[in-house]
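Here is the file start-v4.tsv (TSV, C-alpha atoms and all ligand atoms).
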```tsv
chain	number	residue	atom	x	y	z
A	1	MET	CA	70.90	74.24	91.66
A	2	THR	CA	73.23	76.44	93.75
A	3	THR	CA	76.62	77.33	92.29
A	4	PRO	CA	79.39	75.52	94.21
A	5	SER	CA	82.10	77.71	95.78
A	6	PRO	CA	85.48	77.52	93.97
A	7	SER	CA	87.15	76.05	97.06
A	8	SER	CA	84.72	73.11	97.10
A	9	LEU	CA	85.63	72.07	93.55
A	10	VAL	CA	87.72	68.92	93.07
A	11	PRO	CA	90.34	69.32	90.32
A	12	VAL	CA	90.12	66.58	87.69
A	13	SER	CA	92.45	66.22	84.69
A	14	LEU	CA	90.33	65.94	81.54
A	15	ILE	CA	91.78	64.17	78.52
A	16	GLU	CA	89.25	64.70	75.75
A	17	GLY	CA	90.99	62.17	73.49
A	18	ASP	CA	90.85	61.42	69.77
A	19	GLY	CA	88.00	60.74	67.32
A	20	ILE	CA	84.65	61.10	69.08
A	21	GLY	CA	86.48	61.89	72.35
A	22	PRO	CA	86.00	65.69	72.31
A	23	GLU	CA	82.27	65.29	71.50
A	24	ILE	CA	81.49	62.83	74.30
A	25	ALA	CA	83.76	64.68	76.74
A	26	ALA	CA	81.93	67.97	76.05
A	27	ALA	CA	78.58	66.23	76.58
A	28	THR	CA	79.72	64.64	79.85
A	29	VAL	CA	81.22	67.85	81.24
A	30	ARG	CA	78.05	69.78	80.33
A	31	ALA	CA	75.85	67.21	82.07
A	32	ILE	CA	77.94	67.11	85.25
A	33	ASP	CA	78.37	70.88	85.49
A	34	THR	CA	74.64	71.45	84.92
A	35	ILE	CA	73.42	68.93	87.50
A	36	GLY	CA	75.61	70.20	90.31
A	37	GLY	CA	78.96	68.40	89.99
A	38	ARG	CA	81.60	70.04	92.18
A	39	ILE	CA	84.53	69.63	89.78
A	40	ARG	CA	87.14	71.95	88.27
A	41	TRP	CA	88.14	70.49	84.90
A	42	GLU	CA	91.77	70.79	83.90
A	43	ARG	CA	92.02	70.05	80.15
A	44	VAL	CA	95.22	68.24	79.13
A	45	PRO	CA	96.22	66.64	75.81
A	46	ALA	CA	97.13	62.99	75.07
A	47	GLY	CA	97.01	60.68	72.05
A	48	MET	CA	97.22	61.51	68.34
A	49	ASN	CA	96.04	65.08	68.91
A	50	ALA	CA	98.89	65.59	71.40
A	51	ILE	CA	101.43	64.45	68.79
A	52	THR	CA	100.18	67.27	66.57
A	53	THR	CA	100.02	69.93	69.29
A	54	ALA	CA	102.85	68.92	71.65
A	55	GLY	CA	104.97	66.47	69.63
A	56	ASP	CA	104.38	63.71	72.19
A	57	PRO	CA	101.41	61.33	72.68
A	58	VAL	CA	101.79	61.67	76.47
A	59	PRO	CA	103.16	65.19	77.18
A	60	LYS	CA	104.88	65.73	80.52
A	61	ALA	CA	102.36	68.45	81.39
A	62	THR	CA	99.62	65.83	81.17
A	63	LEU	CA	101.45	63.42	83.47
A	64	ASP	CA	102.13	66.30	85.90
A	65	SER	CA	98.46	67.30	85.94
A	66	ILE	CA	97.31	63.75	86.74
A	67	GLU	CA	100.11	63.37	89.29
A	68	THR	CA	98.89	66.49	91.08
A	69	ASN	CA	95.17	65.83	90.83
A	70	GLN	CA	95.38	62.03	91.23
A	71	LEU	CA	92.24	61.90	89.10
A	72	ALA	CA	91.47	61.91	85.38
A	73	LEU	CA	88.49	61.46	83.11
A	74	LYS	CA	89.75	60.21	79.78
A	75	GLY	CA	88.20	60.02	76.31
A	76	PRO	CA	89.38	57.29	73.93
A	77	LEU	CA	92.84	57.52	72.39
A	78	ALA	CA	93.83	56.21	68.96
A	79	THR	CA	96.59	53.60	69.02
A	80	PRO	CA	98.24	52.59	65.72
A	81	SER	CA	98.23	48.79	65.19
A	82	GLY	CA	101.58	47.10	64.52
A	83	GLY	CA	104.13	49.96	64.37
A	84	GLY	CA	103.82	53.54	65.63
A	85	HIS	CA	103.77	54.78	69.22
A	86	ARG	CA	103.05	52.47	72.14
A	87	SER	CA	99.51	52.50	73.56
A	88	VAL	CA	99.05	55.65	75.62
A	89	ASN	CA	96.36	53.87	77.62
A	90	VAL	CA	98.79	51.16	78.66
A	91	ALA	CA	101.51	53.78	79.33
A	92	LEU	CA	99.21	55.79	81.64
A	93	ARG	CA	98.11	52.68	83.55
A	94	GLN	CA	101.72	51.64	84.07
A	95	HIS	CA	103.03	55.14	84.88
A	96	PHE	CA	100.46	55.63	87.65
A	97	ASP	CA	100.47	51.95	88.63
A	98	LEU	CA	96.72	51.70	88.09
A	99	TYR	CA	96.59	48.00	88.79
A	100	ALA	CA	92.85	47.31	88.92
A	101	ASN	CA	90.66	47.86	85.89
A	102	VAL	CA	87.04	47.66	87.03
A	103	ARG	CA	84.40	47.16	84.37
A	104	PRO	CA	80.75	46.73	85.42
A	105	ALA	CA	78.32	45.16	82.94
A	106	LYS	CA	74.68	45.53	83.97
A	107	THR	CA	71.56	45.27	81.87
A	108	ILE	CA	70.14	48.76	81.27
A	109	PRO	CA	66.35	48.89	80.81
A	110	GLY	CA	65.53	50.08	77.31
A	111	VAL	CA	68.90	49.32	75.77
A	112	PRO	CA	68.39	46.65	73.15
A	113	CYS	CA	70.32	43.46	74.03
A	114	ARG	CA	69.89	39.70	74.16
A	115	TYR	CA	69.72	39.36	77.96
A	116	ASP	CA	67.70	41.03	80.69
A	117	ASN	CA	69.49	39.80	83.81
A	118	VAL	CA	73.20	40.58	83.52
A	119	ASP	CA	74.87	42.18	86.53
A	120	LEU	CA	78.55	41.37	86.74
A	121	ILE	CA	81.82	43.14	87.46
A	122	ILE	CA	85.10	42.31	85.78
A	123	VAL	CA	88.22	43.18	87.76
A	124	ARG	CA	91.14	42.95	85.36
A	125	GLU	CA	94.80	43.10	86.38
A	126	ASN	CA	96.08	46.12	84.50
A	127	THR	CA	99.88	46.25	84.61
A	128	GLU	CA	101.32	42.77	83.98
A	129	ASP	CA	100.81	39.71	81.78
A	130	LEU	CA	101.45	40.08	78.04
A	131	TYR	CA	100.93	43.85	78.41
A	132	ALA	CA	104.18	44.27	80.34
A	133	GLY	CA	105.69	45.47	77.04
A	134	ILE	CA	108.43	42.82	76.81
A	135	GLU	CA	108.40	41.98	73.13
A	136	HIS	CA	111.06	41.51	70.47
A	137	TYR	CA	111.87	40.05	67.09
A	138	ILE	CA	114.37	37.23	67.44
A	139	ASP	CA	116.47	38.44	64.49
A	140	SER	CA	116.84	41.35	62.11
A	141	ARG	CA	114.89	39.49	59.40
A	142	ARG	CA	111.87	39.40	61.74
A	143	SER	CA	111.51	35.68	61.16
A	144	ALA	CA	109.88	35.24	64.56
A	145	ALA	CA	108.78	37.38	67.49
A	146	GLU	CA	108.36	36.76	71.20
A	147	SER	CA	106.16	38.38	73.86
A	148	ILE	CA	106.75	37.59	77.50
A	149	ALA	CA	103.91	37.37	80.01
A	150	VAL	CA	104.88	38.53	83.49
A	151	ILE	CA	102.74	37.51	86.47
A	152	THR	CA	104.03	38.37	89.96
A	153	ARG	CA	102.82	37.27	93.37
A	154	HIS	CA	102.60	40.94	94.43
A	155	GLY	CA	100.57	41.93	91.34
A	156	SER	CA	98.26	38.96	91.75
A	157	GLU	CA	97.75	39.53	95.47
A	158	ARG	CA	96.76	43.15	95.16
A	159	VAL	CA	94.27	42.73	92.31
A	160	ILE	CA	92.63	39.62	93.77
A	161	THR	CA	92.42	41.33	97.16
A	162	TYR	CA	90.81	44.32	95.41
A	163	ALA	CA	88.21	41.96	93.87
A	164	PHE	CA	87.34	40.41	97.26
A	165	GLU	CA	87.20	43.81	98.97
A	166	TYR	CA	85.03	45.16	96.15
A	167	ALA	CA	82.69	42.17	96.54
A	168	ARG	CA	82.42	42.77	100.29
A	169	LYS	CA	81.86	46.52	99.97
A	170	HIS	CA	79.19	46.17	97.28
A	171	GLY	CA	77.30	43.22	98.76
A	172	ARG	CA	78.44	40.82	96.06
A	173	LYS	CA	78.30	37.09	96.80
A	174	ARG	CA	80.87	35.36	94.59
A	175	VAL	CA	84.34	35.92	93.13
A	176	THR	CA	85.27	33.79	90.10
A	177	LEU	CA	88.96	33.69	89.19
A	178	VAL	CA	89.51	33.15	85.45
A	179	HIS	CA	92.76	31.59	84.15
A	180	LYS	CA	94.38	29.09	81.78
A	181	ALA	CA	96.46	27.31	84.41
A	182	ASN	CA	95.99	23.93	82.72
A	183	ILE	CA	98.33	25.11	79.92
A	184	LEU	CA	100.20	28.13	81.38
A	185	LYS	CA	101.12	26.25	84.51
A	186	MET	CA	103.57	28.76	86.00
A	187	THR	CA	102.21	32.23	85.17
A	188	ASN	CA	98.52	31.36	85.40
A	189	GLY	CA	99.23	28.72	88.03
A	190	LEU	CA	100.73	31.42	90.27
A	191	PHE	CA	97.70	33.68	89.81
A	192	LEU	CA	95.38	30.77	90.66
A	193	ASP	CA	97.42	29.69	93.70
A	194	VAL	CA	97.38	33.24	95.08
A	195	GLY	CA	93.61	33.39	94.56
A	196	LYS	CA	93.03	30.13	96.44
A	197	GLU	CA	95.20	31.33	99.34
A	198	LEU	CA	93.42	34.70	99.57
A	199	ALA	CA	89.96	33.10	99.33
A	200	LYS	CA	90.53	31.52	102.75
A	201	LYS	CA	90.56	35.02	104.27
A	202	TYR	CA	87.17	35.86	102.74
A	203	ALA	CA	84.95	33.09	104.07
A	204	ASP	CA	81.88	35.32	103.59
A	205	ILE	CA	82.39	35.44	99.79
A	206	ALA	CA	81.98	32.30	97.66
A	207	PHE	CA	85.01	31.58	95.49
A	208	ASP	CA	85.53	29.44	92.41
A	209	ASP	CA	87.85	29.34	89.42
A	210	MET	CA	87.22	28.73	85.76
A	211	ILE	CA	89.28	28.16	82.61
A	212	VAL	CA	89.02	31.16	80.29
A	213	ASP	CA	87.59	29.33	77.26
A	214	ALA	CA	84.84	27.75	79.36
A	215	THR	CA	84.19	31.18	80.89
A	216	ALA	CA	83.62	32.75	77.48
A	217	MET	CA	81.07	30.06	76.65
A	218	LYS	CA	79.30	30.27	80.02
A	219	MET	CA	79.13	34.07	79.89
A	220	VAL	CA	77.15	33.75	76.67
A	221	VAL	CA	74.95	30.83	77.77
A	222	SER	CA	74.18	31.94	81.35
A	223	PRO	CA	75.70	35.33	82.21
A	224	GLU	CA	73.54	35.57	85.36
A	225	ARG	CA	75.80	32.90	86.88
A	226	PHE	CA	78.61	35.47	87.30
A	227	ASP	CA	78.99	38.09	90.01
A	228	VAL	CA	82.60	39.37	90.32
A	229	ILE	CA	85.20	38.01	87.88
A	230	VAL	CA	88.89	38.59	88.58
A	231	THR	CA	91.45	37.79	85.93
A	232	MET	CA	94.74	38.70	84.29
A	233	ASN	CA	95.32	41.46	81.78
A	234	LEU	CA	94.75	39.82	78.38
A	235	PHE	CA	91.79	37.65	79.41
A	236	GLY	CA	90.28	40.63	81.22
A	237	ASP	CA	90.58	42.78	78.12
A	238	ILE	CA	88.75	40.22	75.99
A	239	LEU	CA	86.12	39.15	78.52
A	240	SER	CA	85.19	42.71	79.42
A	241	ASP	CA	84.38	43.52	75.79
A	242	LEU	CA	82.35	40.29	75.71
A	243	ALA	CA	80.55	41.48	78.85
A	244	ALA	CA	79.87	44.86	77.22
A	245	GLY	CA	78.28	42.97	74.33
A	246	LEU	CA	75.95	41.20	76.77
A	247	VAL	CA	74.44	44.50	77.91
A	248	GLY	CA	74.10	46.39	74.64
A	249	GLY	CA	77.57	47.00	73.27
A	250	LEU	CA	80.67	49.08	73.74
A	251	GLY	CA	78.83	52.40	73.61
A	252	VAL	CA	77.30	51.93	77.08
A	253	ALA	CA	80.20	50.35	79.01
A	254	PRO	CA	82.10	52.30	81.69
A	255	ALA	CA	85.46	51.53	83.32
A	256	SER	CA	87.80	52.71	86.03
A	257	ASN	CA	91.53	52.17	86.53
A	258	ILE	CA	92.38	52.26	90.22
A	259	GLY	CA	95.82	52.85	91.67
A	260	ALA	CA	97.60	51.32	94.61
A	261	SER	CA	98.69	54.21	96.79
A	262	ILE	CA	97.02	57.27	98.26
A	263	ALA	CA	99.02	60.50	97.81
A	264	PRO	CA	99.51	62.81	100.82
A	265	GLY	CA	96.53	65.12	101.29
A	266	ARG	CA	94.15	62.91	99.26
A	267	ASP	CA	91.30	60.73	100.47
A	268	TRP	CA	91.38	58.34	97.52
A	269	PRO	CA	93.90	56.42	95.40
A	270	CYS	CA	94.90	57.77	91.99
A	271	ALA	CA	92.37	56.74	89.36
A	272	ILE	CA	91.60	57.26	85.69
A	273	PHE	CA	88.04	56.76	84.43
A	274	GLU	CA	87.28	56.01	80.80
A	275	ALA	CA	84.67	54.49	78.51
A	276	VAL	CA	85.50	51.00	77.24
A	277	HIS	CA	84.95	51.89	73.56
A	278	GLY	CA	87.53	53.41	71.22
A	279	THR	CA	87.68	56.56	69.12
A	280	ALA	CA	84.95	55.43	66.68
A	281	PRO	CA	86.67	57.08	63.69
A	282	ASP	CA	83.75	56.12	61.41
A	283	ILE	CA	81.41	58.56	63.19
A	284	ALA	CA	83.86	61.13	64.59
A	285	GLY	CA	82.91	64.76	64.05
A	286	LYS	CA	79.32	63.96	63.09
A	287	GLY	CA	77.79	64.83	66.47
A	288	ILE	CA	76.06	61.45	66.75
A	289	ALA	CA	78.28	59.57	69.23
A	290	ASN	CA	76.70	58.00	72.28
A	291	PRO	CA	78.25	59.54	75.43
A	292	THR	CA	76.76	56.89	77.78
A	293	GLY	CA	80.04	55.01	78.35
A	294	LEU	CA	81.91	58.15	79.35
A	295	MET	CA	78.98	59.49	81.42
A	296	LEU	CA	78.74	56.23	83.39
A	297	SER	CA	82.54	56.28	83.83
A	298	ALA	CA	82.20	59.83	85.15
A	299	ALA	CA	79.53	58.56	87.57
A	300	MET	CA	82.12	56.06	88.87
A	301	LEU	CA	84.55	58.99	89.27
A	302	LEU	CA	81.92	60.92	91.24
A	303	ASP	CA	81.42	57.87	93.51
A	304	HIS	CA	85.20	57.63	93.94
A	305	ILE	CA	85.43	61.22	95.21
A	306	ASP	CA	82.32	60.90	97.38
A	307	GLN	CA	80.05	63.08	95.24
A	308	ARG	CA	77.53	60.25	95.36
A	309	ASP	CA	74.53	62.58	95.12
A	310	VAL	CA	75.71	63.85	91.73
A	311	ALA	CA	76.67	60.31	90.60
A	312	GLU	CA	73.15	59.09	91.38
A	313	ARG	CA	71.55	62.04	89.54
A	314	LEU	CA	73.77	61.44	86.52
A	315	ARG	CA	72.93	57.71	86.40
A	316	LYS	CA	69.23	58.47	86.83
A	317	GLY	CA	69.44	60.89	83.90
A	318	VAL	CA	71.37	58.47	81.67
A	319	PHE	CA	69.04	55.53	82.39
A	320	ALA	CA	65.94	57.67	81.77
A	321	ALA	CA	67.35	58.99	78.47
A	322	LEU	CA	68.21	55.44	77.37
A	323	ALA	CA	64.75	54.16	78.34
A	324	ASP	CA	63.08	56.64	75.95
A	325	PRO	CA	63.44	55.60	72.27
A	326	ALA	CA	63.18	59.28	71.27
A	327	SER	CA	66.43	60.18	73.02
A	328	ARG	CA	68.52	57.13	72.05
A	329	THR	CA	71.50	57.53	69.71
A	330	GLY	CA	72.01	55.68	66.41
A	331	ASP	CA	74.20	52.89	67.81
A	332	LEU	CA	71.20	51.85	69.95
A	333	GLY	CA	68.73	52.09	67.08
A	334	GLY	CA	67.58	55.64	67.86
A	335	THR	CA	67.72	58.89	65.90
A	336	ALA	CA	68.90	61.35	68.57
A	337	ASN	CA	72.27	63.04	68.24
A	338	THR	CA	74.75	63.57	71.08
A	339	GLN	CA	73.27	66.94	72.00
A	340	LYS	CA	69.68	65.71	72.14
A	341	PHE	CA	70.68	62.70	74.23
A	342	THR	CA	72.60	64.96	76.63
A	343	ASP	CA	69.65	67.37	76.91
A	344	ALA	CA	67.47	64.37	77.87
A	345	VAL	CA	70.01	63.20	80.46
A	346	ILE	CA	70.14	66.63	82.09
A	347	ALA	CA	66.35	67.07	82.08
A	348	ALA	CA	65.76	63.64	83.68
A	349	ALA	CA	68.58	64.10	86.21
A	350	GLN	CA	67.00	67.33	87.43
A	351	ARG	CA	63.47	65.93	87.81
B	401	LIG	P1	85.74	51.52	68.53
B	401	LIG	O1	85.23	51.20	69.87
B	401	LIG	O2	86.29	52.87	68.33
B	401	LIG	O3	84.55	51.33	67.44
B	401	LIG	C1	83.89	50.09	67.21
B	401	LIG	C2	82.48	50.37	66.64
B	401	LIG	O4	81.64	50.84	67.71
B	401	LIG	C3	82.45	51.45	65.57
B	401	LIG	O5	81.47	51.13	64.60
B	401	LIG	C4	82.02	52.70	66.31
B	401	LIG	O6	81.33	53.65	65.53
B	401	LIG	C5	81.12	52.13	67.40
B	401	LIG	N1	81.17	52.95	68.63
B	401	LIG	C6	82.16	52.92	69.58
B	401	LIG	N2	81.89	53.81	70.53
B	401	LIG	C7	80.73	54.41	70.20
B	401	LIG	C8	79.95	55.44	70.79
B	401	LIG	N3	80.29	56.00	71.96
B	401	LIG	N4	78.82	55.83	70.16
B	401	LIG	C9	78.44	55.25	69.01
B	401	LIG	N5	79.13	54.28	68.40
B	401	LIG	C10	80.27	53.86	68.98
B	401	LIG	O7	86.81	50.40	68.14
B	401	LIG	P2	87.89	50.37	66.96
B	401	LIG	O8	87.26	50.91	65.68
B	401	LIG	O9	88.40	48.99	66.98
B	401	LIG	O10	89.07	51.31	67.43
B	401	LIG	C11	89.27	52.65	66.94
B	401	LIG	C12	90.46	53.26	67.65
B	401	LIG	O11	90.18	53.37	69.05
B	401	LIG	C13	91.78	52.47	67.54
B	401	LIG	O12	92.84	53.37	67.33
B	401	LIG	C14	91.93	51.79	68.89
B	401	LIG	O13	93.27	51.59	69.25
B	401	LIG	C15	91.29	52.86	69.81
B	401	LIG	N6	90.78	52.33	71.09
B	401	LIG	C16	90.99	53.09	72.19
B	401	LIG	C17	90.49	52.69	73.42
B	401	LIG	C18	90.72	53.58	74.62
B	401	LIG	O14	91.24	54.66	74.48
B	401	LIG	N7	90.37	53.13	75.82
B	401	LIG	C19	89.75	51.50	73.52
B	401	LIG	C20	89.53	50.75	72.36
B	401	LIG	C21	90.04	51.18	71.15
```
What does this structure look like when you write it as structure tokens?
Amino acid sequence: MTTPSPSSLVPVSLIEGDGIGPEIAAATVRAIDTIGGRIRWERVPAGMNAITTAGDPVPKATLDSIETNQLALKGPLATPSGGGHRSVNVALRQHFDLYANVRPAKTIPGVPCRYDNVDLIIVRENTEDLYAGIEHYIDSRRSAAESIAVITRHGSERVITYAFEYARKHGRKRVTLVHKANILKMTNGLFLDVGKELAKKYADIAFDDMIVDATAMKMVVSPERFDVIVTMNLFGDILSDLAAGLVGGLGVAPASNIGASIAPGRDWPCAIFEAVHGTAPDIAGKGIANPTGLMLSAAMLLDHIDQRDVAERLRKGVFAALADPASRTGDLGGTANTQKFTDAVIAAAQR
């Protein structure tokens, strides 16, 4: 493998994250650097570790780095439930207006799971709905609380358009819009109406809509029925974890968060790539975490910046390592640690 010249390297902000984050980030960076990735990693803090080191879960230097690079690979960040600081993940998505969360779920040969024919993409609206952050107690005694879901025509149009364009670009046949418009007639009704209007412009892609509860049931009974799903923030959050469960669990699921605008001098919109799973505090620091989710997210990043050759090598390495029981990690029933798995990825990627 020839060493890339410094000027050919693409700068990427690297947030290692909390819990197992530093372990899986180190494994992913080692794999990409070894197999010929043309990336200059810029390490920046965020999350609990950043509170300790910088007094802020999202330091300004981190925002500046992502603003400049328009690209980040992010490990998981711990978010306190109930009180404490607001989710840094949500804050980053909103700050950079990363409106489309794209989560592929595809059966991986060798990874133990209940299905062998899942191949679907969930496109989740990432900035609105109940995650808009409009929440309050109605009185000082906290006798009740309210959260407000915000759905806009603009927000709906851009994410549904993204789903149709994604389907077209990747040879997908069907877009299914998921909602609860029978009960939430205005918010979800607006999202559905926009979807039906846009579908007329994409006659080459089949379109249907489905109520979210029926969708959850059908995804379990016949997941092969789905191709591209587009939905709002909360339903997308839940259904994409369900989809991860269909293909072997959170440890293997990648995701990207794609922005709306392209900065001057860049060929791609701002984007942050991250594994779907969290910080796995129960196994943090033990060297046994499965880096597959972050590696496959990094492969999506490499596609995004047109380093498709490296993305393909990385995926080939990951799939080969997962196919061999000797190199699988504990969450997939194996005995390999993070280092052994990564060694297997690199060896297979270079074959
Ligand atoms: P989790 O995903 O961290 O862990 C759930 C289970 O899956 C645990 O048993 C864990 O050991 C296992 N697991 C997860 N990823 C794994 C991996 N790569 N390899 C092996 N095993 C893995 O979910 P949680 O316990 O509900 O959340 C822990 C923390 O993570 C919370 O603070 C939560 O807010 C945060 N979180 C962050 C993100 C993110 O940054 N995108 C996403 C989800 C949860």
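Every residue having at least one atom no farther than 6 Å from ligand LIG 401 (chain B) is included below, with only C-alpha atoms and all ligand atoms taken into account: A:Pro76, A:Leu77, A:Ala78, A:Thr79, A:Pro80, A:Leu250, A:Gly251, A:Val276, A:His277, A:Gly278, A:Thr279, A:Ala280, A:Asp282, A:Ile283, A:Ala289, A:Asn290, A:Pro291, A:Asp331.
The gap separating CA of Pro112 (chain A) from CA of Asn337 (chain A) is 17.5 Å, in Å to one decimal.
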Query raised in the report: So, counting all atoms listed in the file, which residue among A:Ile32, A:Cys113, A:Ile15, A:Ile160 is closest to Leu296 (chain A)?
Result: A:Ile32
Requested in this report: Would you be able to write out as a ChimeraX atom specification which residues have an atom within 9 Å of (83.1, 44.0, 88.5) in the file's coordinates, counting all atoms listed in the file?
Outcome: /A:101-105,119-124,163,166-167,227-230
Leaving out Glu67 (chain A) and any residue of its chain fewer than 3 positions from it, which residues lie within 10 Å of it when counting all atoms listed in the file, given as an mmCIF file with C-alpha atoms, in the coordinates of the input?
```cif
data_model
loop_
_atom_site.group_PDB
_atom_site.id
_atom_site.type_symbol
_atom_site.label_atom_id
_atom_site.label_comp_id
_atom_site.auth_asym_id
_atom_site.auth_seq_id
_atom_site.Cartn_x
_atom_site.Cartn_y
_atom_site.Cartn_z
ATOM 1 C CA SER A 13 92.450 66.220 84.690
ATOM 2 C CA ALA A 61 102.360 68.450 81.390
ATOM 3 C CA THR A 62 99.620 65.830 81.170
ATOM 4 C CA LEU A 63 101.450 63.420 83.470
ATOM 5 C CA ASP A 64 102.130 66.300 85.900
ATOM 6 C CA GLN A 70 95.380 62.030 91.230
ATOM 7 C CA LEU A 71 92.240 61.900 89.100
ATOM 8 C CA ALA A 72 91.470 61.910 85.380
ATOM 9 C CA HIS A 95 103.030 55.140 84.880
ATOM 10 C CA PHE A 96 100.460 55.630 87.650
ATOM 11 C CA ALA A 263 99.020 60.500 97.810
ATOM 12 C CA CYS A 270 94.900 57.770 91.990
#
```
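Atom pair CA of Asp343 (chain A) / CA of Ala299 (chain A): separated by 17.0 Å.
Going from CA of Ala244 (chain A) to CA of Gly133 (chain A) covers 25.8 Å.
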**Report entry** Who sits within 12 Å of region 313-330 of chain A, all atoms listed in the file, same chain under 6 positions skipped, as a PyMOL selection string
**Finding:** chain A and resi 27-37+106-112+248+251-252+254+283+286-303+307+336-351
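Selection around (91.0, 32.8, 80.5) with radius 10 Å, counting only C-alpha atoms, yields the residues Leu177, Val178, His179, Lys180, Ala181, Asn188, Met210, Ile211, Val212, Asp213, Ala214, Thr215, Ala216, Thr231, Met232, Asn233, Leu234, Phe235, Gly236, Ile238 and Leu239 of chain A.
Using all atoms listed in the file, the nearest neighbour of Lys196 (chain A) within the list A:Ala284, A:Ala271, A:Gly245, A:Ser156 is A:Ser156.
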List as a compact mmCIF listing (two decimals) with C-alpha atoms, keeping the file's coordinate frame the protein and nucleic acid residues near Gly171 (chain A), meaning an atom at most 12 Å away when all atoms listed in the file are counted, but skip any in the same chain fewer than 2 places from it.
```txt
# COMPACT_ATOMS: atom_id res chain seq x y z
CA PHE A 164 87.34 40.41 97.26
CA GLU A 165 87.20 43.81 98.97
CA TYR A 166 85.03 45.16 96.15
CA ALA A 167 82.69 42.17 96.54
CA ARG A 168 82.42 42.77 100.29
CA LYS A 169 81.86 46.52 99.97
CA LYS A 173 78.30 37.09 96.80
CA ARG A 174 80.87 35.36 94.59
CA VAL A 175 84.34 35.92 93.13
CA ASP A 204 81.88 35.32 103.59
CA ILE A 205 82.39 35.44 99.79
CA ALA A 206 81.98 32.30 97.66
CA ASP A 227 78.99 38.09 90.01
CA VAL A 228 82.60 39.37 90.32
```
**Report entry** Nearest-residue call for Thr161 (chain A), choices A:Ile305, A:Leu9, A:Val58, A:Ala199, using all atoms listed in the file
**Finding:** A:Ala199
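Here the question is which of A:Thr68, A:Thr335, A:Thr152, A:Thr53 gets nearest to Glu125 (chain A) using all atoms listed in the file, and that residue is A:Thr152.
Considering all atoms listed in the file, the residue among A:Leu198, A:Arg158, A:Gly285, A:Ala144 positioned nearest to Asp18 (chain A) is A:Gly285.
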Report summary line: Using only C-alpha atoms, the best pick from A:Ile183, A:Val12, A:Val247, A:Ala255 as closest to Arg114 (chain A) would be A:Val247
